[in-house]
Amino acid sequence: MTRSFLARTPSVLIFLAALAVFTLAITLLSEGFGAGLISTSFVKTLGKTLCLCLVALAMDLVWGYAGILSLGHMAFFALGGYMIGMWLMYARTEEIVVTALAQGGLPATPEEVQQGIATQIFGVVGSSELPAIWTFAHSLPLQLTLALSVPGLLALVFGWLAFRARVTGVYLSILTQAMTLALALYLFQNDSGLRGNNGLSGLQNLPGLTDTSQDLVSVWFFWASALALGLGYLALAWVVSGKFGSVIRAIRDDEARVRFLGYPVEAYKLFVFTLTALVATLAGVLYYPQAGIINPAELAPIASIYLAVWVAIGGRGRLYGAVIGAGFVSLLSSLFTSGRLPDIPLGPVSIAWVDWWLVILGFSFVAVTLLAPKGIGGLFDRFLHIGTPDRKGAPLGPDDGSLQEQEAQE
Amino acid sequence: MRLTALLAAALFWLAPVPALAEGEAAAIVAANRDQIEKPSRQSIGQVVTALAASGDPMADDILAAWAEKRLVVRKADQALFLATPEGDGFALTALDGTPAGTAAKAELTALKPNAGVRSVISSALVQFTLSDPDPAKRRAALDSIARDTSPETLAPLRASIPTEDDPGLRAQKERLERILALRFDPDSAARVAAIRALGTDTALDTRAALNPLVATTRIAALKAPGGNVARVLVPGRDLTEAEAYDLLVAANLAPARLTAEDQRAALVANIVEGKVGGVPVADLNTEAARDRAYTALEASGAVPVAATDDEAAKVLAAHRFYDVFTEPDPAVTTAATDALAKIDRKVAAMQAVDLGLDALSLAAIYFLAAIGLAITFGVMGVINMAHGEFITIGAYTGYVVQLFVPDYTLSLLVALPLAFAVTFAAGVAMERLVISHLYRRPLETLLATFGISIALQQILKNVFGTQARPLTAPAWLDGALTFNDVVSISYIRIAIFLLALLFLLFFLWLMKRTRLGLEARAVTQNPAMAASMGINPDRIAMLTFGLGSGIAGIAGVAIGLYAKVTSEMGADYIVQSFMTVVVGGVGNVWGTLAGATMIGSLQKLIEFLNPSNTLAAQTYMILFIILFIQFRPRGIIALRGRAAGD
Amino acid sequence: MTALLEVSGVSVSFDGFRAINNLSFSIGPAELRAIIGPNGAGKTTFMDIITGKTRPDSGTVTFGPRSISLLGLNEARIAREGIGRKFQRPTVFEDQTVEANLILALKAARSPWKVLFWSPKPADLARVRALANEVGLSGHLQRKSGELSHGQKQWLEIAMLLAQEPRLLLVDEPVAGMTPAERAQTTDLLVNLAQDRAVVVVEHDMDFVRRLDCRVTVLHEGAVLAEGSLDHVTRDPQVVSVYLGRG
């Protein structure tokens, strides 16, 4: 325990090096800065994938390490997207409105600009008033602050309520799922102030950079995503490497025991839940300008469940496993659902990948859970000969069963 | 004239009904031939009354034909006939009812009474039908009057009441008489009496009749208007100042305010050498600067003078605003307001009952959807995320059965057990292949069943397509049990309610009275102890899981009967089912029932309070549940003490 | 002598069943006490109440020189006040090394922020080594504790308890599943510990209790039936009838 953090965790250095090489390679192959062998849309896909890897890291911390199967982290991710999207959309619309009003002979008044923006953005839901939640949308610093504080606060309040009531296990999972659903349903309303099911769009256009090609912008965002992933990995690896990591893993394995050691278990859970919500939010802030559009469907509970699937396939309880899982599955998913793969002819019927990809994903997920609980990351263990403890304790006697019952009920 | 007709009619109804007066009508027509051919509204009343009073069964035919311009004169002999179009020409009937051959159109001249005469005739006709010996005809006449109310029908309706011998019809007539009287009776006291007599009748037509009486218009005036004032409005409290000012503008009591667009247009039109009213154009990017420029233009007379804020406030202060009843009679409006208030209270109570019924039926659906989930969760500690897909499979089973069995009743009887069998088998297979390998890892089980859920949903989508498939209920389940205009419940919902009740009883019986139930309860409370007492937990788990899934299948058929069958149908119910289990508590049928009742009622209540927005209703419901968990973390009905683990 | 722990008039019932019935109990700051009683006497519930796992329906529980009430506090807070509990079966964190287990238990700040920025100082590591040494695990510090034998886990857990430096130690059937040699070692350890702190041992094994040579409290149906030396309580006719009558 005396060695330095990086020396103790060589995987961090390996990961950061790999990420740097990857970033450099993509930059050199991109249309914006290099050989143009990789299309701009694929650079965007890769940039988005890096953001998904970042949110998967957060999921791994909260689930793989702390044992809280949150089915709500994609809600924080999407909220981050909404928050940054508000600024992007406002600022971009402001440019358009100011230009349009200047044609009218008089320079525009602030009220006219405001009105013009409101009509432009909310005409689609039949409103011409800027809702109160858009108060800070004109300012990037303010809106960025909101982007991190609103989801953070939501996580804090929700987590406080849930952990305080000692909701654990599947109950907690379902409750987080319900929270996500509630949020999605709320945003689906036209009067939610966020354009109902239209969502926010045109987010790929950066205000003030109308003339800059998306070829460049995509690489910039790719860099930002890579940087965020690198820093996020470093930070989370540091968090889990020390005593804090030890405490949260202990909470995962036997939270009652940790309580009797004097640790305020609920505070730890709340800390981890909120911290990971913030990481997820950050990932969302970077993701949606690359995606260009966000709507309430992004908050659907299923998105958070996919997140859990990625982490499980990659391997829980190890950060690189989450990154591998998210990268591998989401890239595979975009490949299969792109429609670019040829159908498989089977006599009278032909099998379209688009239709069957989810079936494959679902069943392979079941297979991973059953056969390889450590996911892809488990392969590294085999390679490095890190085994499970070679001697599990003897069966714990007849009380063993009741422990399980207790887990099930919590 | 109308009074005469009325009097005559009254006399007629008071007099004993002539036994038989065949030919009488023809005689009256003959006697008044001139009047009939060249009728005037003033004098024709007596003839119509006489006809009406004749008691001749032909009289109403003659009147009807006359009103419809089918009373014709045959040019050849100037005789009168009733004409009925037939082929190219007309079939003729003599006035005493005997057929009189046919005639071409050219051979006839139709009598064309004017509108005034026709209304006298139709009023007399109403009287006929209202007193027709055939109750069905009387009922039809009443319905037509109720559909199309007019002042003329009041008198004949009133006249027909005393002789009505059918008690049901009589009550209907009296009710309709009141509804007409409160609108059309010339006497204020009679109208008030009619309103009072209606009491707290909640029927839609009563409310439709009363509502126009309390309709108001909003006016602005310098002093109190002479009309029937409903209330005095204070700007800023009862209506916004902008609305009040708009009223003044509409009444030409004040000039229109200068809108931002008008101001802008006026300024743009008056740009002179880059300046407007002395203000440089580049500076006109605030409202204050624009106001300055406009004032300067006003001073120079280039633009019309617009009201300033001060002036507008002054004008507002000088005027009063009123809601004025359209109905001039204060006694009537007061009575109507009172009556409506009473009716509203009664309707609110009825709506509460209706809401209760809705909530109950929703609770029954949630109970059906959740009970399987609750049982597996209770006994095995396993949350089956694929439960929703089992519901869908059940519904599709029903759909497939209907493809082969066209009789809906029979197909339903086949579909219910078949859906149970199919999903039971699917559940057992899933338990054996997946879940039994994951015991003691509840979160993994949750995710594995979720993987199955994704795959199943997509397979169903691939097989059945994305469009909704019909699952048709038998005809005897169509329609609704209607108590009154407010309270009603559809038969399908009643059937689902009964089905849920049946399952509740079934489960109580299964859990309390059978060996399986005993063993399942033992496994729920202490699996290790149960195992050591010779209960095979694997078998119990398999059977419970199969049972839970089987009920999901049956719930699927039930839900499919009134909702669309799509591959995502189950997913729509799964979150509510989870909530039901969470709120209700685990391992207890009563808990699930309580949870379902609570979730169902709550959802209906929130929907009622915010009817425009069912999405918001779900949002608030989930928020409520999160708060509920704070107080009852283990649900409404939870195991307590040491048995609860912890 | 002021009592370290003072339990008075405590009652608790589960669904009508009175598990603890008007129970009063106190123990001094440096005292060894054995609690015996037939099954269902309320021994475990008694410990649950002290450690905050179960809230009593009535009564008071005060602890420490300042006599703070434990009833409003949660488990973690009570543990931080200085009450350690050893469970019947060893509960160590099997996925983590022996060293990590001991560091977890080491007396230090417990709040998330402080733990996040905590790093072991040489003194901490020395203490960990000393504790491991004391329980014969010094060679196993870097092994995952899941790999230890049952007895070694028991010792690890005892070492974790010591690392917490509690003022009151609640020990539930410490010698279950131990070899005679380990029993003797445990006896010595407990007696030794009771020199400067309070130790409450719940035990069935009369031989072991006799070897502890301390005051004995007999619980029956949720209340104290008798208290005194083992010889004293075993002569008590009521105790005899409870033990013999109920098997």
# chains A, B, ... in the order shown; residues from 1 in each chain; ligands from 1

call {"tool": "residues_around", "arguments": {"residues": "A:Gly81", "least_positions_apart": "3", "cutoff": "9 Å", "atoms": "only C-alpha atoms", "output": "count of residues only"}}
result
17

call {"tool": "residues_around", "arguments": {"residues": "C:Asp172", "least_positions_apart": "3", "cutoff": "6 Å", "atoms": "only C-alpha atoms", "output": "count of residues only"}}
result
4

call {"tool": "interface_residues", "arguments": {"of": "chain B", "to": "chain A", "cutoff": "6 Å", "atoms": "only C-alpha atoms", "output": "short mmCIF file (atom, residue, chain, number, x, y, z; two decimals) with N, CA and C atoms, in the first residue's frame"}}
result
data_model
loop_
_atom_site.label_atom_id
_atom_site.label_comp_id
_atom_site.auth_asym_id
_atom_site.auth_seq_id
_atom_site.Cartn_x
_atom_site.Cartn_y
_atom_site.Cartn_z
N ASN B 285 -31.85 50.01 -30.68
CA ASN B 285 -31.86 48.61 -30.30
C ASN B 285 -32.34 48.40 -28.87
N THR B 286 -33.03 49.41 -28.32
CA THR B 286 -33.71 49.19 -27.04
C THR B 286 -35.12 49.75 -27.17
N GLY B 381 -37.37 -14.61 -4.78
CA GLY B 381 -36.52 -13.42 -4.73
C GLY B 381 -36.02 -13.01 -6.10
N ARG B 440 -29.23 -16.87 -5.81
CA ARG B 440 -28.34 -16.16 -4.89
C ARG B 440 -27.66 -14.99 -5.58
N ALA B 448 -30.24 -10.97 -16.50
CA ALA B 448 -30.40 -12.08 -17.44
C ALA B 448 -31.83 -12.12 -17.96
N GLY B 451 -32.18 -9.63 -20.52
CA GLY B 451 -31.67 -10.06 -21.83
C GLY B 451 -32.72 -10.87 -22.56
N ILE B 452 -33.38 -11.76 -21.82
CA ILE B 452 -34.44 -12.57 -22.43
C ILE B 452 -35.57 -11.67 -22.91
N ILE B 454 -35.37 -8.55 -23.95
CA ILE B 454 -35.00 -7.88 -25.21
C ILE B 454 -35.19 -8.84 -26.38
N ALA B 455 -34.65 -10.05 -26.19
CA ALA B 455 -34.68 -11.01 -27.29
C ALA B 455 -36.12 -11.39 -27.63
N ALA B 528 -33.77 -22.44 3.49
CA ALA B 528 -32.86 -23.48 3.98
C ALA B 528 -33.62 -24.44 4.88
N LEU B 615 -49.42 11.75 -19.29
CA LEU B 615 -47.99 11.56 -19.07
C LEU B 615 -47.59 12.12 -17.72
N ALA B 616 -48.10 13.32 -17.43
CA ALA B 616 -47.78 13.93 -16.15
C ALA B 616 -48.30 13.05 -15.02
N THR B 619 -45.82 10.55 -14.23
CA THR B 619 -44.67 11.15 -13.56
C THR B 619 -44.94 11.35 -12.09
N GLN B 630 -40.19 5.87 1.28
CA GLN B 630 -39.54 6.44 2.47
C GLN B 630 -40.23 5.98 3.75
N GLY B 645 -35.81 -10.85 7.73
CA GLY B 645 -34.39 -10.82 7.41
C GLY B 645 -33.81 -9.51 7.88
N ASP B 646 -32.97 -8.92 7.14
CA ASP B 646 -32.37 -7.62 7.42
C ASP B 646 -30.89 -7.77 7.64
#

call {"tool": "atom_distance", "arguments": {"atom1": "atom CA of B:Gln351", "atom2": "atom CA of B:Ala336"}}
result
21.4 Å

call {"tool": "select_by_dssp", "arguments": {"residues": "stretch 103-192 of chain B", "states": "alpha helix (DSSP H)", "output": "PyMOL selection string"}}
result
chain B and resi 115-130+135-147+154-160+167-184+188-192

call {"tool": "residues_around", "arguments": {"residues": "B:Phe90", "least_positions_apart": "3", "cutoff": "6 Å", "atoms": "only C-alpha atoms", "output": "PyMOL selection string"}}
result
chain B and resi 83-86+102-103

call {"tool": "write_last_selection", "arguments": {"atoms": "N, CA and C atoms", "output": "JSON list (two decimals), in the first residue's frame"}}
result
[["chain", "number", "residue", "atom", "x", "y", "z"],
["B", 83, "ALA", "N", -101.22, 13.19, -51.90],
["B", 83, "ALA", "CA", -100.40, 12.61, -52.95],
["B", 83, "ALA", "C", -99.13, 11.98, -52.35],
["B", 84, "THR", "N", -98.78, 10.80, -52.89],
["B", 84, "THR", "CA", -97.54, 10.15, -52.47],
["B", 84, "THR", "C", -96.75, 9.86, -53.73],
["B", 85, "PRO", "N", -95.51, 10.30, -53.82],
["B", 85, "PRO", "CA", -94.75, 10.06, -55.04],
["B", 85, "PRO", "C", -94.67, 8.57, -55.33],
["B", 86, "GLU", "N", -94.91, 8.21, -56.59],
["B", 86, "GLU", "CA", -94.85, 6.80, -56.98],
["B", 86, "GLU", "C", -94.44, 6.76, -58.45],
["B", 102, "THR", "N", -103.88, 6.90, -59.46],
["B", 102, "THR", "CA", -102.65, 7.68, -59.61],
["B", 102, "THR", "C", -102.89, 8.84, -60.54],
["B", 103, "ALA", "N", -101.89, 9.74, -60.57],
["B", 103, "ALA", "CA", -101.98, 10.87, -61.47],
["B", 103, "ALA", "C", -100.59, 11.35, -61.79]]

call {"tool": "closest_residue", "arguments": {"among": "A:Ile117, A:Ala66, A:Cys51, A:Leu24", "to": "A:Lys269", "atoms": "only C-alpha atoms"}}
result
A:Ala66

call {"tool": "closest_atom_pairs", "arguments": {"of": "chain C", "to": "chain A", "cutoff": "6 Å", "atoms": "only C-alpha atoms", "output": "JSON lines"}}
result
{"residue": "C:Glu75", "atom": "CA", "partner": "A:Arg259", "partner_atom": "CA", "distance": 5.9}
{"residue": "C:Ala76", "atom": "CA", "partner": "A:Gly262", "partner_atom": "CA", "distance": 4.0}
{"residue": "C:Ala79", "atom": "CA", "partner": "A:Gly262", "partner_atom": "CA", "distance": 4.5}
{"residue": "C:Arg80", "atom": "CA", "partner": "A:Gly262", "partner_atom": "CA", "distance": 4.9}
{"residue": "C:Arg110", "atom": "CA", "partner": "A:Tyr263", "partner_atom": "CA", "distance": 5.3}
{"residue": "C:Pro112", "atom": "CA", "partner": "A:Tyr268", "partner_atom": "CA", "distance": 5.8}
{"residue": "C:Val115", "atom": "CA", "partner": "A:Phe244", "partner_atom": "CA", "distance": 5.6}
{"residue": "C:Leu116", "atom": "CA", "partner": "A:Phe244", "partner_atom": "CA", "distance": 5.1}
{"residue": "C:Gly146", "atom": "CA", "partner": "A:Lys392", "partner_atom": "CA", "distance": 5.7}
{"residue": "C:Glu147", "atom": "CA", "partner": "A:Arg391", "partner_atom": "CA", "distance": 4.9}

call {"tool": "select_by_dssp", "arguments": {"residues": "stretch 15-221 of chain C", "states": "strand (DSSP E or B)", "output": "PyMOL selection string"}}
result
chain C and resi 17-27+32-36+58-63+68-69+83-86+97+144+168-172+198-202+215-220

call {"tool": "residues_around", "arguments": {"residues": "C:Arg129", "least_positions_apart": "5", "cutoff": "9 Å", "atoms": "only C-alpha atoms", "output": "JSON, numbers by chain"}}
result
{"C": [99, 124, 134, 137, 138, 141]}

call {"tool": "interface_residues", "arguments": {"of": "chain C", "to": "chain B", "cutoff": "9 Å", "atoms": "only C-alpha atoms", "output": "VMD selection string"}}
result
chain C and resid 13 to 15 53

call {"tool": "write_last_selection", "arguments": {"atoms": "C-alpha atoms", "output": "compact mmCIF listing (two decimals), in the first residue's frame"}}
result
# COMPACT_ATOMS: atom_id res chain seq x y z
CA SER C 13 -42.02 -7.14 20.23
CA PHE C 14 -42.33 -8.53 16.74
CA ASP C 15 -45.91 -8.92 15.56
CA LYS C 53 -30.08 -2.92 14.32

call {"tool": "atom_distance", "arguments": {"atom1": "atom CA of B:Ile28", "atom2": "atom CA of B:Ala67"}}
result
16.7 Å

call {"tool": "residues_around", "arguments": {"residues": "A:Ala322", "least_positions_apart": "4", "cutoff": "7 Å", "atoms": "only C-alpha atoms", "output": "mmCIF file with C-alpha atoms, in the first residue's frame"}}
result
data_model
loop_
_atom_site.group_PDB
_atom_site.id
_atom_site.type_symbol
_atom_site.label_atom_id
_atom_site.label_comp_id
_atom_site.auth_asym_id
_atom_site.auth_seq_id
_atom_site.Cartn_x
_atom_site.Cartn_y
_atom_site.Cartn_z
ATOM 1 C CA CYS A 53 -17.230 4.346 -22.532
ATOM 2 C CA ALA A 56 -19.883 2.914 -18.694
ATOM 3 C CA LEU A 57 -16.991 3.731 -16.357
ATOM 4 C CA ASP A 60 -18.966 0.215 -13.368
ATOM 5 C CA TRP A 310 -22.262 -3.232 -21.753
ATOM 6 C CA VAL A 311 -20.619 -3.221 -18.376
ATOM 7 C CA GLY A 314 -17.090 -6.034 -20.630
ATOM 8 C CA GLY A 315 -16.589 -7.285 -17.105
ATOM 9 C CA ARG A 316 -17.718 -5.694 -13.885
ATOM 10 C CA ARG A 318 -12.649 -3.525 -13.368
ATOM 11 C CA ALA A 326 -19.180 -0.231 -23.971
#

call {"tool": "atom_distance", "arguments": {"atom1": "atom CA of B:Ala181", "atom2": "atom CA of B:Ile44"}}
result
26.0 Å

call {"tool": "closest_residue", "arguments": {"among": "C:Asn39, C:Ser58, C:Thr187, C:Thr91", "to": "C:Val242", "atoms": "only C-alpha atoms"}}
result
C:Asn39

call {"tool": "residues_around", "arguments": {"residues": "C:Val128", "least_positions_apart": "4", "cutoff": "10 Å", "atoms": "only C-alpha atoms", "output": "MDAnalysis selection string"}}
result
chainID C and resid 98:103 105:106 122:124 132:134 138 141 159:160 163

call {"tool": "write_last_selection", "arguments": {"atoms": "N, CA and C atoms", "output": "CSV table (one decimal), in the first residue's frame"}}
result
chain,number,residue,atom,x,y,z
C,98,VAL,N,-6.1,-9.6,3.3
C,98,VAL,CA,-6.1,-9.5,4.8
C,98,VAL,C,-5.7,-8.1,5.2
C,99,GLU,N,-4.7,-7.5,4.5
C,99,GLU,CA,-4.3,-6.2,4.8
C,99,GLU,C,-5.4,-5.2,4.6
C,100,ALA,N,-6.1,-5.3,3.5
C,100,ALA,CA,-7.2,-4.3,3.2
C,100,ALA,C,-8.3,-4.5,4.3
C,101,ASN,N,-8.6,-5.7,4.7
C,101,ASN,CA,-9.6,-5.9,5.7
C,101,ASN,C,-9.2,-5.2,7.0
C,102,LEU,N,-7.9,-5.3,7.4
C,102,LEU,CA,-7.5,-4.7,8.6
C,102,LEU,C,-7.5,-3.2,8.5
C,103,ILE,N,-7.1,-2.7,7.3
C,103,ILE,CA,-7.1,-1.2,7.2
C,103,ILE,C,-8.5,-0.7,7.2
C,105,ALA,N,-10.8,-1.8,9.1
C,105,ALA,CA,-11.2,-1.7,10.4
C,105,ALA,C,-10.5,-0.8,11.3
C,106,LEU,N,-9.3,-0.4,10.8
C,106,LEU,CA,-8.4,0.5,11.6
C,106,LEU,C,-9.2,1.7,12.1
C,122,PRO,N,3.1,5.3,8.0
C,122,PRO,CA,3.9,4.1,8.5
C,122,PRO,C,3.3,3.6,9.8
C,123,ALA,N,2.8,4.5,10.7
C,123,ALA,CA,2.3,4.0,11.9
C,123,ALA,C,1.1,3.1,11.7
C,124,ASP,N,0.2,3.4,10.7
C,124,ASP,CA,-0.9,2.6,10.4
C,124,ASP,C,-0.5,1.2,10.0
C,132,ALA,N,-1.8,-8.3,12.8
C,132,ALA,CA,-1.8,-9.6,12.1
C,132,ALA,C,-0.9,-10.6,12.9
C,133,ASN,N,0.2,-10.0,13.4
C,133,ASN,CA,1.1,-10.8,14.2
C,133,ASN,C,0.4,-11.5,15.4
C,134,GLU,N,-0.4,-10.6,16.0
C,134,GLU,CA,-1.1,-11.0,17.3
C,134,GLU,C,-2.0,-12.2,17.0
C,138,SER,N,0.5,-12.9,10.1
C,138,SER,CA,1.5,-12.0,9.6
C,138,SER,C,2.0,-12.5,8.2
C,141,LEU,N,-0.7,-11.4,4.9
C,141,LEU,CA,-1.3,-10.0,4.7
C,141,LEU,C,-1.7,-9.8,3.2
C,159,ALA,N,-9.1,-9.7,14.9
C,159,ALA,CA,-8.1,-8.7,14.7
C,159,ALA,C,-8.7,-7.4,14.2
C,160,MET,N,-9.8,-7.6,13.3
C,160,MET,CA,-10.5,-6.4,12.8
C,160,MET,C,-11.2,-5.7,14.0
C,163,ALA,N,-8.7,-3.8,15.8
C,163,ALA,CA,-8.3,-2.6,15.1
C,163,ALA,C,-9.2,-1.4,15.3

call {"tool": "decode", "arguments": {"residues": "stretch 91-107 of chain C", "atoms": "N, CA and C atoms", "output": "PDB file, in the first residue's frame"}}
result
ATOM      1  N   THR C  91     -17.423 -12.998   9.341  1.00  0.00           N
ATOM      2  CA  THR C  91     -17.764 -12.163   8.192  1.00  0.00           C
ATOM      3  C   THR C  91     -16.598 -11.232   7.920  1.00  0.00           C
ATOM      4  N   VAL C  92     -15.763 -11.665   6.984  1.00  0.00           N
ATOM      5  CA  VAL C  92     -14.692 -10.797   6.515  1.00  0.00           C
ATOM      6  C   VAL C  92     -14.965 -10.550   5.042  1.00  0.00           C
ATOM      7  N   PHE C  93     -14.273  -9.576   4.475  1.00  0.00           N
ATOM      8  CA  PHE C  93     -14.529  -9.259   3.077  1.00  0.00           C
ATOM      9  C   PHE C  93     -13.633 -10.135   2.219  1.00  0.00           C
ATOM     10  N   GLU C  94     -14.222 -11.231   1.720  1.00  0.00           N
ATOM     11  CA  GLU C  94     -13.444 -12.313   1.138  1.00  0.00           C
ATOM     12  C   GLU C  94     -12.725 -11.897  -0.128  1.00  0.00           C
ATOM     13  N   ASP C  95     -13.240 -10.867  -0.800  1.00  0.00           N
ATOM     14  CA  ASP C  95     -12.681 -10.466  -2.077  1.00  0.00           C
ATOM     15  C   ASP C  95     -11.450  -9.582  -1.869  1.00  0.00           C
ATOM     16  N   GLN C  96     -11.168  -9.211  -0.612  1.00  0.00           N
ATOM     17  CA  GLN C  96     -10.081  -8.267  -0.385  1.00  0.00           C
ATOM     18  C   GLN C  96      -8.988  -8.925   0.455  1.00  0.00           C
ATOM     19  N   THR C  97      -7.802  -8.339   0.379  1.00  0.00           N
ATOM     20  CA  THR C  97      -6.674  -8.946   1.083  1.00  0.00           C
ATOM     21  C   THR C  97      -6.846  -8.784   2.582  1.00  0.00           C
ATOM     22  N   VAL C  98      -6.092  -9.566   3.314  1.00  0.00           N
ATOM     23  CA  VAL C  98      -6.102  -9.472   4.771  1.00  0.00           C
ATOM     24  C   VAL C  98      -5.718  -8.054   5.193  1.00  0.00           C
ATOM     25  N   GLU C  99      -4.730  -7.512   4.498  1.00  0.00           N
ATOM     26  CA  GLU C  99      -4.282  -6.162   4.822  1.00  0.00           C
ATOM     27  C   GLU C  99      -5.418  -5.159   4.619  1.00  0.00           C
ATOM     28  N   ALA C 100      -6.109  -5.272   3.489  1.00  0.00           N
ATOM     29  CA  ALA C 100      -7.191  -4.326   3.215  1.00  0.00           C
ATOM     30  C   ALA C 100      -8.287  -4.462   4.258  1.00  0.00           C
ATOM     31  N   ASN C 101      -8.582  -5.681   4.668  1.00  0.00           N
ATOM     32  CA  ASN C 101      -9.586  -5.901   5.703  1.00  0.00           C
ATOM     33  C   ASN C 101      -9.192  -5.183   6.992  1.00  0.00           C
ATOM     34  N   LEU C 102      -7.936  -5.311   7.351  1.00  0.00           N
ATOM     35  CA  LEU C 102      -7.491  -4.699   8.604  1.00  0.00           C
ATOM     36  C   LEU C 102      -7.478  -3.183   8.492  1.00  0.00           C
ATOM     37  N   ILE C 103      -7.073  -2.679   7.329  1.00  0.00           N
ATOM     38  CA  ILE C 103      -7.051  -1.222   7.152  1.00  0.00           C
ATOM     39  C   ILE C 103      -8.473  -0.666   7.234  1.00  0.00           C
ATOM     40  N   LEU C 104      -9.415  -1.429   6.670  1.00  0.00           N
ATOM     41  CA  LEU C 104     -10.811  -1.008   6.767  1.00  0.00           C
ATOM     42  C   LEU C 104     -11.224  -0.821   8.214  1.00  0.00           C
ATOM     43  N   ALA C 105     -10.769  -1.751   9.054  1.00  0.00           N
ATOM     44  CA  ALA C 105     -11.241  -1.747  10.434  1.00  0.00           C
ATOM     45  C   ALA C 105     -10.487  -0.758  11.302  1.00  0.00           C
ATOM     46  N   LEU C 106      -9.284  -0.381  10.842  1.00  0.00           N
ATOM     47  CA  LEU C 106      -8.421   0.484  11.645  1.00  0.00           C
ATOM     48  C   LEU C 106      -9.151   1.746  12.107  1.00  0.00           C
ATOM     49  N   LYS C 107      -8.928   2.090  13.361  1.00  0.00           N
ATOM     50  CA  LYS C 107      -9.597   3.275  13.887  1.00  0.00           C
ATOM     51  C   LYS C 107      -9.099   4.505  13.132  1.00  0.00           C
TER      52      LYS C 107
END
